[in-house]
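J.: Here you go, one structure.
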Amino acid sequence: MAVIKMDWQKNLLVAAILATLLLLVIRWHEYQEKLPTQPVAAAQTANTGNTSSDAPVVVANGEIPAAANSLPEATKAPEATQAVISVKTDSLDVEINTYGGDIVQVALPRHYAKLDTPDQPYVLLNNRDNHTYIAQSGLVGNNGTDTAQGRPVFSSEKQQYQLIDGQDQLQVDLVLQQGEVKITKRFTFKRGEYLVKVEYLIDNQSGAPWSAQLYGQIKRDSQNFVKVSALEMNPFLGAAITTNEENYKKFTFANIAESEFKTTRQGGWVAMVQHYFISAWIPDASSDNTYSLRKLGANDLYLLGFTGKVNEVAAGQQGSFSANFYAGPKDTKQLESISPHLELTVDYGWLWWLSKPLFLVMKFIHDLVGNWGLAIIGLIVLIKAIFFKLSATSYKSMAKMRKLGPKLAEMKERYGDDRQKFSQEMMKLYKTEKVNPFGGCLPLLIQMPVFLAFYYVLMESVELRHAPFVGWITDLSVKDPWFVLPIIYGITMWFMQKLNPQPTDPMQARIMQMLPIVFTIMFLWFPAGMVLYWVTNNLLSIAQQYVITKQIENADTSK
């Protein structure tokens, strides 16, 4: 009776723990649903007046100190003199403020805010009441237009520009007259591209040489609009840069707030990285550029940018200099073509050397079958085929261990609490039966880096965002709405346990029996593509393990 009572108490305790875990996960998920959502341009009122003196100011020694947090009221540009210019292409919806010529909004028509709202593009950059994320650029130095006293207000022929059918390129010119020097800030957009060329054209009709430095920077607060469940890995949000020492160096907002970062290198880039999307400044690849990451005063605002070399235009001459600005998805192929190491913002972690070829193979399969879900399945099949013999070794070892299960249980009962004697007899049995108890673990451990690398591929691939699979699964990047895949996963995990050797300790056996339930709960809010990956892996493992187990059992029966 005492044993029955103890078992009942243990089972009740395990059930209570599982119920508590489920409630915590549900409550966390509800909390995440209430977090601020990514702002939608049409639903907000634009904050067009950028009154913060955040432009870098070059002083005599060439350093770029942090400017004052705000300008005196008299130096702020009157709102009546400002205008917001709208630019639409097939891949970008951009708003440019004539005050400073800043890009104050970028929406991506090819990427919806939500799958069921195709009329609302995903808003990447935004300067609204509840969020600040803009791209600034200007001129500093001897004849710079951006100083601690204020920024210029440009003029434009039109307030709306659109890339029309049959047109591959669109130019938007903002003009500023600086005495006898005409400054044209030109934005060049190309069909199908997320890269914008920002160029300054200088027409110096004065009697003296003109000189200034081009700077570009991203200004953003630290708000995170990406929602994940309590059990998922939170995608990185923060700054990234390439330096002479590191091809890819990341900074969280906390890192930047703790200390300002500065570096100088030829070419290079600086980016703001988030889940699936980035924005980045890519200055002249042939010149030395100074980069800085810093927090703007006591505000929740961060600046990451560059300042280029001194550009000179002789009296009566014309000149130009430029930088590129990217705002769009983390598309590996596009980023590779823009600047060296920019593709590393598709952050596969320390297993990038495995993740990158895995993604290329998955993309190749997708190009053949036209479905990212089938591409995931195809890649898993290919991986399992490569590791077939290694897995077979593991499953043979586990099948032999499973065959010894009844003998081990008998020995456990015979020696009771004498663990030393039980261990001695168990090792003797393994030696007699020629079974290696670790033979089933080592081959699986060797495969783990590959499956972990594939996990990063699924987490980072923007191609899976809003990608359908079959039937009810219309988006592989979010949870299965009917929870079918997590339930299938739990069932497959239960079957795998039945094929594996059972623990001799009763408590361990109970814990193992509960694991399919625990993992099913964990996977309820995981992205469908991730769960599909594990379900496919489990099904293939069950098939292989079942065949091998039956072969060993049949061989023993025939003896």
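Chains: A, B, ... in order of the structure tokens. Residues: from 1 per chain. Ligands: from 1, in order shown.
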Taking a cut-off of 12 Å and counting only C-alpha atoms, can you build a table that, for each residue of segment 462-526 of chain A near segment 273-290 of chain A, reports the nearest atom pair and how far apart they are in Å (one decimal), sorted by chain then residue number, as a Markdown table?
T.:
```
| residue | atom | partner | partner_atom | distance |
| --- | --- | --- | --- | --- |
| A:Val462 | CA | A:Tyr276 | CA | 4.9 |
| A:Glu463 | CA | A:Tyr276 | CA | 8.7 |
| A:Leu464 | CA | A:Tyr276 | CA | 9.5 |
| A:Arg465 | CA | A:Tyr276 | CA | 8.1 |
| A:His466 | CA | A:Tyr276 | CA | 11.6 |
| A:Ser477 | CA | A:Tyr276 | CA | 10.4 |
```
J.: Can you list, as a VMD selection string, every protein, DNA or RNA residue that comes within 7 Å of segment 300-315 of chain A when you count only C-alpha atoms, leaving out same-chain residues fewer than 6 positions away?
T.: chain A and resid 204 to 222 270 287 to 294
J.: From a DSSP pass on the backbone, collect the residues of segment 246-353 of chain A flagged as strand (DSSP E) and hand them back as a ChimeraX atom specification.
T.: /A:249-251,261-266,270-273,277-282,288-295,302-313,318-329
J.: Calculated over only C-alpha atoms, which of the candidates A:Asn299, A:Ser461, A:Gln178, A:Asn247 has the smallest distance to Asp146 of chain A?
T.: A:Gln178
J.: Between A:Phe154, A:Phe387, A:Trp472, A:Phe483, which is the closest to Gln544 of chain A once you count only C-alpha atoms?
T.: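 Looking at the shortest contact to Gln544 of chain A, the residue is A:Phe387.
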